[in-house]
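Visitor: The file below is entry.pdb, PDB, C-alpha atoms, pLDDT in the B column:
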```pdb
ATOM      1  CA  MET A   1      20.604  17.207  25.581  1.00 46.00           C
ATOM      2  CA  SER A   2      22.959  19.106  23.315  1.00 53.00           C
ATOM      3  CA  ALA A   3      21.793  21.830  20.985  1.00 55.00           C
ATOM      4  CA  SER A   4      21.575  20.893  17.342  1.00 58.00           C
ATOM      5  CA  PRO A   5      23.978  22.779  15.059  1.00 72.00           C
ATOM      6  CA  LEU A   6      21.172  22.907  12.484  1.00 74.00           C
ATOM      7  CA  ASN A   7      18.553  25.612  12.940  1.00 75.00           C
ATOM      8  CA  PRO A   8      15.543  25.461  10.584  1.00 75.00           C
ATOM      9  CA  ASP A   9      15.303  29.270  10.632  1.00 73.00           C
ATOM     10  CA  ASP A  10      18.740  29.473   8.987  1.00 74.00           C
ATOM     11  CA  TYR A  11      17.459  27.877   5.767  1.00 77.00           C
ATOM     12  CA  ALA A  12      15.053  28.953   3.057  1.00 75.00           C
ATOM     13  CA  TYR A  13      11.886  27.085   2.179  1.00 76.00           C
ATOM     14  CA  GLY A  14      12.739  24.269  -0.201  1.00 73.00           C
ATOM     15  CA  ASP A  15      16.284  23.846   1.103  1.00 83.00           C
ATOM     16  CA  PRO A  16      16.855  20.185   2.041  1.00 89.00           C
ATOM     17  CA  ASP A  17      18.880  21.368   5.046  1.00 89.00           C
ATOM     18  CA  LYS A  18      15.704  22.920   6.471  1.00 91.00           C
ATOM     19  CA  LEU A  19      14.113  19.450   6.580  1.00 92.00           C
ATOM     20  CA  ARG A  20      17.290  17.992   8.064  1.00 93.00           C
ATOM     21  CA  ALA A  21      17.237  20.667  10.767  1.00 94.00           C
ATOM     22  CA  HIS A  22      13.611  19.882  11.628  1.00 94.00           C
ATOM     23  CA  ILE A  23      14.457  16.167  11.820  1.00 96.00           C
ATOM     24  CA  ALA A  24      17.398  16.957  14.125  1.00 95.00           C
ATOM     25  CA  GLU A  25      15.108  18.997  16.406  1.00 95.00           C
ATOM     26  CA  LEU A  26      12.550  16.207  16.562  1.00 97.00           C
ATOM     27  CA  MET A  27      15.208  13.625  17.362  1.00 97.00           C
ATOM     28  CA  ALA A  28      16.544  15.849  20.157  1.00 96.00           C
ATOM     29  CA  LEU A  29      13.007  15.824  21.590  1.00 96.00           C
ATOM     30  CA  VAL A  30      12.842  12.038  21.228  1.00 97.00           C
ATOM     31  CA  SER A  31      16.123  11.772  23.124  1.00 97.00           C
ATOM     32  CA  MET A  32      14.814  13.994  25.915  1.00 97.00           C
ATOM     33  CA  ARG A  33      11.580  12.013  26.109  1.00 97.00           C
ATOM     34  CA  ALA A  34      13.496   8.723  26.251  1.00 97.00           C
ATOM     35  CA  ASN A  35      15.287  10.002  29.342  1.00 97.00           C
ATOM     36  CA  MET A  36      11.978  11.156  30.828  1.00 97.00           C
ATOM     37  CA  ALA A  37      10.442   7.738  30.173  1.00 97.00           C
ATOM     38  CA  GLY A  38      13.249   6.115  32.129  1.00 97.00           C
ATOM     39  CA  ASP A  39      12.620   8.501  35.011  1.00 98.00           C
ATOM     40  CA  TYR A  40       8.860   7.892  34.963  1.00 98.00           C
ATOM     41  CA  ALA A  41       9.423   4.136  34.905  1.00 98.00           C
ATOM     42  CA  ALA A  42      11.773   4.357  37.895  1.00 98.00           C
ATOM     43  CA  LEU A  43       9.198   6.474  39.731  1.00 98.00           C
ATOM     44  CA  ARG A  44       6.455   3.964  38.850  1.00 98.00           C
ATOM     45  CA  ASP A  45       4.478   6.854  37.334  1.00 98.00           C
ATOM     46  CA  ASP A  46       2.537   4.959  34.671  1.00 98.00           C
ATOM     47  CA  ALA A  47       0.490   7.984  33.562  1.00 98.00           C
ATOM     48  CA  GLY A  48       3.638  10.037  32.973  1.00 98.00           C
ATOM     49  CA  LEU A  49       5.291   7.080  31.261  1.00 98.00           C
ATOM     50  CA  ARG A  50       2.313   6.541  28.952  1.00 98.00           C
ATOM     51  CA  TYR A  51       2.057  10.230  28.027  1.00 98.00           C
ATOM     52  CA  THR A  52       5.797  10.561  27.428  1.00 98.00           C
ATOM     53  CA  LEU A  53       5.943   7.464  25.244  1.00 98.00           C
ATOM     54  CA  LYS A  54       2.970   8.659  23.172  1.00 98.00           C
ATOM     55  CA  CYS A  55       4.648  12.033  22.648  1.00 97.00           C
ATOM     56  CA  CYS A  56       7.918  10.304  21.790  1.00 97.00           C
ATOM     57  CA  ALA A  57       6.175   8.071  19.248  1.00 97.00           C
ATOM     58  CA  ALA A  58       4.422  11.055  17.631  1.00 98.00           C
ATOM     59  CA  GLU A  59       7.695  12.979  17.342  1.00 98.00           C
ATOM     60  CA  PHE A  60       9.439   9.951  15.887  1.00 97.00           C
ATOM     61  CA  ARG A  61       6.651   9.454  13.316  1.00 98.00           C
ATOM     62  CA  ALA A  62       6.890  13.133  12.383  1.00 97.00           C
ATOM     63  CA  ALA A  63      10.644  12.749  11.847  1.00 97.00           C
ATOM     64  CA  LEU A  64      10.056   9.694   9.647  1.00 97.00           C
ATOM     65  CA  ASN A  65       7.503  11.615   7.582  1.00 96.00           C
ATOM     66  CA  LEU A  66       9.991  14.446   7.131  1.00 95.00           C
ATOM     67  CA  LEU A  67      12.603  11.896   6.097  1.00 96.00           C
ATOM     68  CA  GLY A  68      10.235  10.734   3.354  1.00 95.00           C
ATOM     69  CA  ASP A  69       9.745  14.346   2.268  1.00 93.00           C
ATOM     70  CA  LEU A  70      13.517  14.828   2.248  1.00 94.00           C
ATOM     71  CA  ALA A  71      13.997  11.731   0.074  1.00 94.00           C
ATOM     72  CA  ASP A  72      11.342  12.982  -2.378  1.00 91.00           C
ATOM     73  CA  GLN A  73      12.860  16.442  -2.462  1.00 90.00           C
ATOM     74  CA  THR A  74      16.409  15.223  -3.052  1.00 90.00           C
ATOM     75  CA  GLU A  75      15.201  12.836  -5.782  1.00 89.00           C
ATOM     76  CA  ARG A  76      13.388  15.696  -7.558  1.00 86.00           C
ATOM     77  CA  GLU A  77      16.525  17.822  -7.268  1.00 84.00           C
ATOM     78  CA  HIS A  78      18.623  14.968  -8.657  1.00 84.00           C
ATOM     79  CA  GLN A  79      16.238  14.586 -11.610  1.00 86.00           C
ATOM     80  CA  ARG A  80      16.329  18.337 -12.265  1.00 86.00           C
ATOM     81  CA  ARG A  81      20.132  18.342 -12.410  1.00 86.00           C
ATOM     82  CA  LYS A  82      20.266  15.268 -14.630  1.00 79.00           C
ATOM     83  CA  PRO A  83      21.099  16.270 -18.195  1.00 77.00           C
ATOM     84  CA  ALA A  84      18.204  15.887 -20.600  1.00 69.00           C
ATOM     85  CA  PRO A  85      18.681  13.230 -23.275  1.00 70.00           C
ATOM     86  CA  VAL A  86      19.662  14.692 -26.620  1.00 68.00           C
ATOM     87  CA  SER A  87      17.066  13.995 -29.270  1.00 69.00           C
ATOM     88  CA  HIS A  88      18.131  13.425 -32.845  1.00 63.00           C
ATOM     89  CA  PRO A  89      15.375  14.171 -35.324  1.00 63.00           C
ATOM     90  CA  HIS A  90      16.862  11.833 -37.932  1.00 61.00           C
ATOM     91  CA  SER A  91      19.110   8.900 -37.388  1.00 58.00           C
ATOM     92  CA  ASN A  92      21.875   8.148 -39.892  1.00 61.00           C
ATOM     93  CA  SER A  93      19.990   5.213 -41.380  1.00 58.00           C
ATOM     94  CA  GLU A  94      16.950   7.376 -42.173  1.00 56.00           C
ATOM     95  CA  ALA A  95      19.089  10.064 -43.849  1.00 54.00           C
ATOM     96  CA  CYS A  96      20.487   7.592 -46.414  1.00 54.00           C
ATOM     97  CA  VAL A  97      17.122   6.267 -47.556  1.00 50.00           C
TER      98      VAL A  97
END
```
Let me see the structure of the file written as C-alpha cells.

Guide:
Amino acid sequence: MSASPLNPDDYAYGDPDKLRAHIAELMALVSMRANMAGDYAALRDDAGLRYTLKCCAAEFRAALNLLGDLADQTEREHQRRKPAPVSHPHSNSEACV
C-alpha cells in the first residue's frame, strides 16, 4: 500500500481537498482489506474473511458518503461563484407607456 499524497490535516475545514484526502485514505484501507480478504480466503479462515469484508464494505460506504458530501459542497461553491442575474426594475416597453 502506498501512502496517499493527500493528508486531511493539510487542509482547512470546508476545503473540498480535505474530503478528497479522507476519501483517498478510506480507499487505501479498502485496498489493504482486499489483500487481507484474499489471504484469509487462501487460509480458509472464514471468520477473518467475514470480518475483513464487513470492514471493507463499511469503509467503502463511508467513502461513497463523503463523495456525496463532496458533490454537494462543490455544487454549492459553483452556485456561489455564479454571477447573480442582473435585475432591471423597468423594461424598455414599460418606460415608453

Visitor: Between CA of Leu53 (chain A) and CA of Ala28 (chain A), what is the distance in Å, rounded to a tenth?

Guide: 14.4 Å

Visitor: Which distance in Å separates CA of Asp39 (chain A) and CA of Tyr51 (chain A), to one decimal?

Guide: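 Between these atoms lies a distance of 12.8 Å.
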
Visitor: Show me, as an NGL selection string, the residues that have an atom within 12 Å of Ala71 (chain A) when counting all atoms listed in the file, minus same-chain residues fewer than 5 positions from it.

Guide: :A and (16-17 or 19-20 or 64-66 or 76-78)

Visitor: Export C-alpha atoms of the chosen residues as an mmCIF file, keeping the file's coordinate frame?

Guide:
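Result went into result_36.cif, see below:
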```cif
data_model
loop_
_atom_site.group_PDB
_atom_site.id
_atom_site.type_symbol
_atom_site.label_atom_id
_atom_site.label_comp_id
_atom_site.auth_asym_id
_atom_site.auth_seq_id
_atom_site.Cartn_x
_atom_site.Cartn_y
_atom_site.Cartn_z
ATOM 1 C CA PRO A 16 16.855 20.185 2.041
ATOM 2 C CA ASP A 17 18.880 21.368 5.046
ATOM 3 C CA LEU A 19 14.113 19.450 6.580
ATOM 4 C CA ARG A 20 17.290 17.992 8.064
ATOM 5 C CA LEU A 64 10.056 9.694 9.647
ATOM 6 C CA ASN A 65 7.503 11.615 7.582
ATOM 7 C CA LEU A 66 9.991 14.446 7.131
ATOM 8 C CA ARG A 76 13.388 15.696 -7.558
ATOM 9 C CA GLU A 77 16.525 17.822 -7.268
ATOM 10 C CA HIS A 78 18.623 14.968 -8.657
#
```

Visitor: Just give me the gap between CA of Phe60 (chain A) and CA of Val30 (chain A) in Å, one decimal is fine.

Guide: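 CA of Val30 (chain A) lies at a distance of 6.7 Å from CA of Phe60 (chain A).
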
Visitor: Kindly provide, as lines of an AutoDock Vina configuration file, the centre and edge lengths (Å, one decimal) of an axis-aligned box around all atoms of region 56-75 of chain A given in the file, with 6 Å on each side.

Guide:
```
center_x = 10.4
center_y = 12.3
center_z = 8.0
size_x = 24.0
size_y = 20.4
size_z = 39.6
```

Visitor: Run the PyMOL selection byres ((chain A and resi 9) around 12) against the file shown and list the residues it catches, as a list in words.

Guide: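 Matching residues under the PyMOL selection byres ((chain A and resi 9) around 12) are Pro5, Leu6, Asn7, Pro8, Asp10, Tyr11, Ala12, Tyr13, Asp15, Asp17, Lys18, Leu19, Arg20, Ala21, His22 and Glu25 of chain A.
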
Visitor: Compare A:Ala57, A:Gly48, A:Ala42, A:Gly14 by their minimum atom-to-atom distance to Leu29 (chain A), counting all atoms listed in the file, and give me the closest one.

Guide: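 When distances to Leu29 (chain A) are compared using all atoms listed in the file, the smallest one comes from A:Ala57.
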
Visitor: With all atoms listed in the file as the basis for distance, which of A:Pro83, A:Ala41, A:Thr74, A:Ala34 is at the shortest distance from Cys56 (chain A)?

Guide: A:Ala34

Visitor: Which of these, A:Pro85, A:Arg44, A:Ala24, A:Leu49, has the shortest distance to Ala63 (chain A) once you count only C-alpha atoms?

Guide: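 Of A:Pro85, A:Arg44, A:Ala24, A:Leu49, the one nearest Ala63 (chain A) is A:Ala24, counting only C-alpha atoms.
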
Visitor: Go through A:Lys82, A:Gln73, A:Thr52, A:Arg61 and flag the residue nearest Met36 (chain A), using all atoms listed in the file for the distances.

Guide: A:Thr52

Visitor: Closest to Gly38 (chain A) among A:Arg50, A:Ala62, A:Arg81, A:Gly68, using all atoms listed in the file?

Guide: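 Closest residue, counting all atoms listed in the file: A:Arg50.
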